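So the structure is just underneath, and the comments pick up after that.
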Amino acid sequence: MRFKILGLFAVVALIAACETAPDESATASGAGTSLTGRLGADSARSKNTAALSGSQEDLVANVGDRVFFEFDRYSIKPEARQTLVTQAAWMKKFPSLTFTIEGHCDERGTREYNLALGERRANSVKDYLVALGVNPNRLRTLSYGKERPVALGSNEQAWSQNRRAVTVVGAAGS
Amino acid sequence: MMAAMYPRQLARPLSVLALLLVLGAAGPAAAELRIDITRGVAEPLPIAITDFAGLTEAESRFGRDISLVVAADLERSGLFRRIDSRAFIQTAQASNNLPRFGDWRTINAQALVQGRVRMIADGRLRVEFRLWDVFAEQQMSGIAYQTVPNAWRRVGHMIADTVYKRITGESGYFDSRLVYIAESGPQNRRIKRLAIMDQDGENHHFLTDGAELVLTPRFSPTLQEIIYLSYFGNLPRVYIFNLDTGRQEVLGEFPGMTFAPRFSPDGKKVIMSMAKDGNSEIYNMDLRTHVTKRLTHHSAIDTSPSYSPDGKRITFNSDRGGTQQLYVMGSDGRDVRRVSHGKGRYATPVWSPRGDLIAFTKMRKGRFFIGVMRPDGSGERLLAEDYLVEAPTWAPNGRVLMFFRQQPTRADGGGGGSRLYSIDLTGHNEREMITPLDASDPAWSSLIP
C-alpha cells in the first residue's frame, strides 16, 4: 500500500513538473485525493502509457476527471481544488479540446431539485476552472441530477461517490 | 422533429356520446344513499353490478366486459365493495322491468348497477345503465352511451364516474389517463421511456423508444399534449409530445437547461425552470407568442413550479431560505411567501385541481414522505412514508394521489426498483399500480374531455 501511494506521488510530481503547474500541486495532490480516486488513478496508471495524450483516458489516469461534493452542497471542497488546478493545467496543454462538465447528485433528493443542484455543481467546477485561466468557451455544463449514479448501493459510501462533477473531453455522452 | 414510433390510431381516446335516460318519475329523495368520502371510509358500500345484458353473444360479451370495468374502478376507489355475482338471486333482468329489490336486499346490496348493450344499425354500440338505490327502491341515475365498439372501456369508466358522483357527491376520476416514465436496465444506465395508459393501467403504450433519457412528463388540460424533459442530443430541454401527430418538438431555444415543465390550467402557457450559469429560475412561456417571462429573481434554486387551478398563483420549490422549502407567489412572480414550516426539506409541490391543498414530497431524517398542506401552509398531513417516495400527482377530482416508490439499491446493483402507487387523500387505500416495467414520475390527466 505504501509503495502504491509513493508510486502515485511520483506520477503526480512528474506531471506537475512537465506542465509547470503551480507548486502546490505536487504536494497537495496525494494527500487530498479521495481513497477511491487514488486507487482508481493508481490502477489506471499501468495503462497510461497506452492512453492517448489529451484523451479521456489520459485525463482519468493522470489528472483525475472528477471532484466530489457534500450532501446538498455545490461548493468546491478543499481536496477538490487540487484536482481542478491539475485539470486546468492539463486543459491548457490541449487548447483545441473542449470539455463537458457533468454535474451529478445522489439519490437522496427529488428529481427536479437534483437537476438544478447538478447544474450548480457543474457550474462551480466551470467557474473554478475559468478562474484558473481556462477559456469559458471551451467548457460546457450538463446536469444529470440523480439519473446517472456511478456507484450502486443505497448507502453513504455510494452516495458520496455519486455527488460529483465529471469532466469529459469533448461532447458529453455518459 | 424526432421520428414518431407510436400507434397513432390509439393516440387519442375515442369520443362517446352520452344521453340521459329518464325512467319513471323520481320519488322522494329523503334518505338518499350516500357515502361521505371526507372521512376515511371504514366500511365500503356493498354494491351489486350485474353483467350488462345483450341479445347476441357479441353484445353479451361487451356487456360482461363493461360491467367488469365498472366494478374494478369502483372497488379500486376503496369506497365500494363489489358483491360476488355468485351470491346474486336475480341473475337475469327482464328488459325494462324494475329490479326485484327484495332479492337484492337479501344479499345486502345497497346499490345496484344494471345495464344492457345493443349493436345499433350503424355498427355503433349503445350501452344503457341504471343505478338503483336498493332500499329506497329508486333509480338514482340512468344514462345511455353511443360510441364505436372500440371505446367500450371508456364507457365503463364513464359509468363508474357517474355512479361515484351520484353516491359520493364528488366528481369521479375514472375516465382519465396517466403518463409516466417506464424504467428498465441497471441503475447506472437506466433506460427511461415515456408511457401512457388509462387510469386503470389498460391501453398501455410506450411513446418513446428509450434512446433518449426522458423525465417528468405532464399532460396538457386537453390531453392532446404531453410536456416533458428530454436529453435528446445530450441537451436537456423541455419538449412537447403531440398525441394527435406523434411528433416531439422542442419547446424553444434557450441559453440553458430547461426543465420541470407544467402547463397552465388554461393550457396557454408553460411554466418551467431554466438554469443559466448554474442558477435555476422559474419562467413562463406563452405558447402562442413564444414570449418568455422570468418570474423569480434569486440566486437560490427555484424549481418545480405548479399553478393553482385558477391560474392566479404558483407554488414552487426553493432553497433560498437555506434548505428546500415550498413557496407560493402570484402568477406575475410577486408576493413570494414561504408556506412550509415543518421540520425537514420540502419539494415537488403540486396544487390540487380543487385548489384546496398542495401535495408535496418531504425529506426528513433519511426518510421520504408524501403529504398535503393547505396553500397557506397549515394543516400538514403525511400520507405515505418510505426510503424513497416522490412526485405526487392528483386525480382529477382531487381525492386521490399517485406517486412513485423506489426501493433501496444493493451494492451488487440489485433492488432499486420503482413502482407507482395510488392513495386516498385520507391516507387510506394505498394500492400499487401495475405497469409492465418499473415506473416513476406519474402524472394524472384531467377527465377526458
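Letters A, B, ... go to the chains of the C-alpha cells in the order shown; residues in each chain start at 1; ligands are counted from 1 in the same order.
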
inquiry  = Should the cut-off be 7 Å, what would the residue list for chain B against chain A look like, counting only C-alpha atoms, as a PyMOL selection string?
reply    = chain B and resi 188-189+234+260+277-280+301+303-304+347+390+408-413

Print the selection's residues with all heavy atoms to a file, as a compact mmCIF listing (two decimals), in the first residue's frame.
```
# COMPACT_ATOMS: atom_id res chain seq x y z
N ASN B 188 -27.32 2.40 -13.08
CA ASN B 188 -26.36 3.41 -13.56
C ASN B 188 -26.50 3.68 -15.07
O ASN B 188 -25.82 4.55 -15.61
CB ASN B 188 -24.92 3.01 -13.21
CG ASN B 188 -24.59 1.62 -13.71
OD1 ASN B 188 -25.44 0.93 -14.27
ND2 ASN B 188 -23.35 1.21 -13.50
N ARG B 189 -27.32 2.90 -15.73
CA ARG B 189 -27.61 3.19 -17.14
C ARG B 189 -29.08 2.92 -17.40
O ARG B 189 -29.45 2.16 -18.28
CB ARG B 189 -26.75 2.32 -18.07
CG ARG B 189 -25.31 2.78 -18.12
CD ARG B 189 -24.64 2.38 -19.42
NE ARG B 189 -25.17 3.13 -20.54
CZ ARG B 189 -24.71 4.32 -20.90
NH1 ARG B 189 -23.75 4.91 -20.23
NH2 ARG B 189 -25.22 4.94 -21.95
N ASN B 234 -28.08 15.11 -25.99
CA ASN B 234 -27.40 15.48 -24.75
C ASN B 234 -27.63 16.94 -24.35
O ASN B 234 -26.80 17.55 -23.69
CB ASN B 234 -25.90 15.21 -24.84
CG ASN B 234 -25.57 13.80 -24.41
OD1 ASN B 234 -26.13 13.32 -23.42
ND2 ASN B 234 -24.71 13.14 -25.14
N ALA B 260 -38.47 20.79 -15.48
CA ALA B 260 -39.60 20.94 -14.55
C ALA B 260 -40.79 21.66 -15.19
O ALA B 260 -41.32 22.62 -14.64
CB ALA B 260 -39.16 21.65 -13.27
N ASP B 277 -26.10 29.86 -16.19
CA ASP B 277 -24.91 30.00 -15.35
C ASP B 277 -25.09 29.29 -14.01
O ASP B 277 -24.66 29.78 -12.98
CB ASP B 277 -24.56 31.48 -15.12
CG ASP B 277 -24.34 32.21 -16.44
OD1 ASP B 277 -23.79 31.58 -17.37
OD2 ASP B 277 -24.74 33.38 -16.55
N GLY B 278 -25.77 28.16 -14.05
CA GLY B 278 -25.93 27.36 -12.85
C GLY B 278 -27.09 27.75 -11.97
O GLY B 278 -27.42 27.04 -11.02
N ASN B 279 -27.72 28.87 -12.28
CA ASN B 279 -28.80 29.34 -11.41
C ASN B 279 -30.16 29.03 -12.03
O ASN B 279 -30.48 29.52 -13.11
CB ASN B 279 -28.65 30.85 -11.19
CG ASN B 279 -29.73 31.40 -10.28
OD1 ASN B 279 -30.29 30.66 -9.47
ND2 ASN B 279 -30.03 32.67 -10.42
N SER B 280 -30.97 28.24 -11.32
CA SER B 280 -32.27 27.83 -11.84
C SER B 280 -33.34 28.83 -11.41
O SER B 280 -33.53 29.05 -10.21
CB SER B 280 -32.64 26.44 -11.33
OG SER B 280 -31.73 25.50 -11.84
N ILE B 301 -31.83 27.96 -5.79
CA ILE B 301 -32.54 27.08 -6.73
C ILE B 301 -34.03 27.36 -6.62
O ILE B 301 -34.61 27.31 -5.54
CB ILE B 301 -32.25 25.59 -6.39
CG1 ILE B 301 -30.81 25.22 -6.79
CG2 ILE B 301 -33.25 24.68 -7.10
CD1 ILE B 301 -30.41 23.82 -6.38
N THR B 303 -37.41 25.89 -8.48
CA THR B 303 -37.86 24.90 -9.46
C THR B 303 -39.19 24.28 -9.04
O THR B 303 -39.82 24.70 -8.08
CB THR B 303 -36.78 23.81 -9.67
OG1 THR B 303 -37.14 23.00 -10.79
CG2 THR B 303 -36.61 22.94 -8.45
N SER B 304 -39.64 23.27 -9.83
CA SER B 304 -40.88 22.54 -9.59
C SER B 304 -42.09 23.46 -9.44
O SER B 304 -42.84 23.35 -8.47
CB SER B 304 -40.76 21.63 -8.35
OG SER B 304 -39.74 20.69 -8.53
N ALA B 347 -40.38 19.44 -1.13
CA ALA B 347 -40.13 19.52 -2.57
C ALA B 347 -41.38 19.16 -3.36
O ALA B 347 -42.39 18.76 -2.79
CB ALA B 347 -38.99 18.58 -2.95
N GLU B 390 -41.83 9.80 -3.95
CA GLU B 390 -41.62 11.09 -4.60
C GLU B 390 -42.72 11.37 -5.62
O GLU B 390 -43.37 10.45 -6.11
CB GLU B 390 -40.24 11.08 -5.31
CG GLU B 390 -39.82 12.42 -5.87
CD GLU B 390 -38.46 12.38 -6.59
OE1 GLU B 390 -37.64 11.50 -6.30
OE2 GLU B 390 -38.24 13.26 -7.43
N PRO B 408 -34.48 0.69 -2.00
CA PRO B 408 -33.03 0.91 -1.93
C PRO B 408 -32.30 -0.01 -2.93
O PRO B 408 -32.78 -1.09 -3.25
CB PRO B 408 -32.67 0.52 -0.50
CG PRO B 408 -33.95 0.56 0.25
CD PRO B 408 -35.04 0.24 -0.73
N THR B 409 -31.14 0.47 -3.40
CA THR B 409 -30.32 -0.33 -4.30
C THR B 409 -29.24 -1.04 -3.49
O THR B 409 -28.61 -0.45 -2.62
CB THR B 409 -29.65 0.59 -5.34
OG1 THR B 409 -30.66 1.34 -6.00
CG2 THR B 409 -28.87 -0.22 -6.37
N ARG B 410 -29.04 -2.32 -3.78
CA ARG B 410 -27.97 -3.04 -3.11
C ARG B 410 -26.65 -2.77 -3.83
O ARG B 410 -26.61 -2.33 -4.97
CB ARG B 410 -28.27 -4.55 -3.12
CG ARG B 410 -29.53 -4.94 -2.38
CD ARG B 410 -29.61 -6.46 -2.21
NE ARG B 410 -29.56 -7.16 -3.48
CZ ARG B 410 -30.63 -7.48 -4.20
NH1 ARG B 410 -31.83 -7.16 -3.77
NH2 ARG B 410 -30.50 -8.11 -5.35
N ALA B 411 -25.56 -3.07 -3.12
CA ALA B 411 -24.23 -2.80 -3.69
C ALA B 411 -23.99 -3.59 -4.97
O ALA B 411 -23.23 -3.18 -5.84
CB ALA B 411 -23.16 -3.11 -2.65
N ASP B 412 -24.66 -4.74 -5.11
CA ASP B 412 -24.47 -5.53 -6.33
C ASP B 412 -25.34 -5.02 -7.47
O ASP B 412 -25.38 -5.62 -8.55
CB ASP B 412 -24.78 -7.02 -6.07
CG ASP B 412 -26.25 -7.26 -5.73
OD1 ASP B 412 -27.05 -6.30 -5.76
OD2 ASP B 412 -26.61 -8.42 -5.43
N GLY B 413 -26.04 -3.91 -7.23
CA GLY B 413 -26.87 -3.33 -8.28
C GLY B 413 -28.29 -3.83 -8.26
O GLY B 413 -29.13 -3.33 -8.99
```

List the spatial neighbours of Thr167 of chain A as a PDB file with N, CA, C and O atoms, in the first residue's frame - criterion: any atom at most 6 Å away, only C-alpha atoms, same-chain residues fewer than 3 positions off excluded.
```
ATOM      1  N   ASP A  65     -10.612  12.941 -13.297  1.00  0.00           N
ATOM      2  CA  ASP A  65     -11.686  13.552 -14.092  1.00  0.00           C
ATOM      3  C   ASP A  65     -12.823  14.063 -13.237  1.00  0.00           C
ATOM      4  O   ASP A  65     -13.768  14.637 -13.764  1.00  0.00           O
ATOM      5  N   THR A 100     -17.002  18.920 -21.502  1.00  0.00           N
ATOM      6  CA  THR A 100     -18.308  18.987 -20.860  1.00  0.00           C
ATOM      7  C   THR A 100     -18.125  18.634 -19.393  1.00  0.00           C
ATOM      8  O   THR A 100     -17.481  17.629 -19.081  1.00  0.00           O
ATOM      9  N   ILE A 101     -18.662  19.472 -18.535  1.00  0.00           N
ATOM     10  CA  ILE A 101     -18.623  19.166 -17.107  1.00  0.00           C
ATOM     11  C   ILE A 101     -20.003  18.695 -16.692  1.00  0.00           C
ATOM     12  O   ILE A 101     -20.982  19.440 -16.776  1.00  0.00           O
TER      13      ILE A 101
END
```

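The nearest approach to Ala89 of chain A among the residues A:Leu139, A:Ile76, A:Ala51, A:Leu129, with only C-alpha atoms taken into account, belongs to A:Leu129.
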
message = When you look at Ser55 of chain A with a cut-off of 12 Å (counting only C-alpha atoms), what residues show up, excluding the ones that are within fewer than 3 positions of it in the same chain? I need them as a ChimeraX atom specification.
response = /A:48-52,58-63,65,90-91,93-94,96-99,167-170

Could the residues in this selection be written to a file with C-alpha atoms, as a compact mmCIF listing (two decimals), in the first residue's frame?
```txt
# COMPACT_ATOMS: atom_id res chain seq x y z
CA ASN A 48 -1.41 5.28 -19.03
CA THR A 49 1.38 4.67 -21.39
CA ALA A 50 -1.30 3.44 -23.75
CA ALA A 51 -3.60 6.39 -23.06
CA LEU A 52 -3.50 8.83 -25.91
CA ASP A 58 -5.27 10.38 -20.15
CA LEU A 59 -7.42 12.74 -18.08
CA VAL A 60 -8.73 9.93 -15.88
CA ALA A 61 -5.40 8.24 -15.36
CA ASN A 62 -3.08 11.19 -14.99
CA VAL A 63 -5.17 14.11 -13.83
CA ASP A 65 -11.69 13.55 -14.09
CA TRP A 90 -3.92 19.89 -18.36
CA MET A 91 -6.63 21.68 -20.34
CA LYS A 93 -1.87 21.85 -22.71
CA PHE A 94 -4.56 20.92 -25.24
CA SER A 96 -8.03 22.66 -29.21
CA LEU A 97 -10.05 20.45 -26.86
CA THR A 98 -13.45 21.36 -25.46
CA PHE A 99 -14.97 19.83 -22.38
CA THR A 167 -15.01 16.47 -16.71
CA VAL A 168 -15.47 14.83 -20.09
CA VAL A 169 -13.35 15.53 -23.13
CA GLY A 170 -15.50 16.77 -26.00
```

message = DSSP on the backbone: which residues in segment 6-216 of chain B end up as strand (DSSP E)? Give the answer as number ranges by chain.
response = B: 17-20, 45-49, 53-54, 80-82, 111-119, 125-133, 138-147, 177-184, 191-198, 205-206, 214-216

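Atom CA of Leu14 of chain B is positioned 17.1 Å from atom CA of Tyr173 of chain B.
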
request  = Compile the contact shell of Pro265 of chain B as an MDAnalysis selection string: residues with an atom at most 10 Å away, counting only C-alpha atoms, same-chain residues fewer than 2 positions apart removed.
outcome  = chainID B and resid 220:222 262:263 267:270 306:312 353

task = May I have all residues of segment 30-130 of chain A that DSSP, computed from the backbone, assigns to alpha helix (DSSP H), given as number ranges by chain?
result = A: 30-32, 35-45, 56-62, 78-93, 111-130

ask   = So which residues touch segment 416-418 of chain B within 7 Å, counting only C-alpha atoms, skipping near sequence neighbours fewer than 6 positions away, as a ChimeraX atom specification?
value = /B:404-409,438-440

ask   = Please, what distance in Å, to one decimal, runs between atom CA of Gln324 of chain B and atom CA of Lys77 of chain A?
value = 21.5 Å
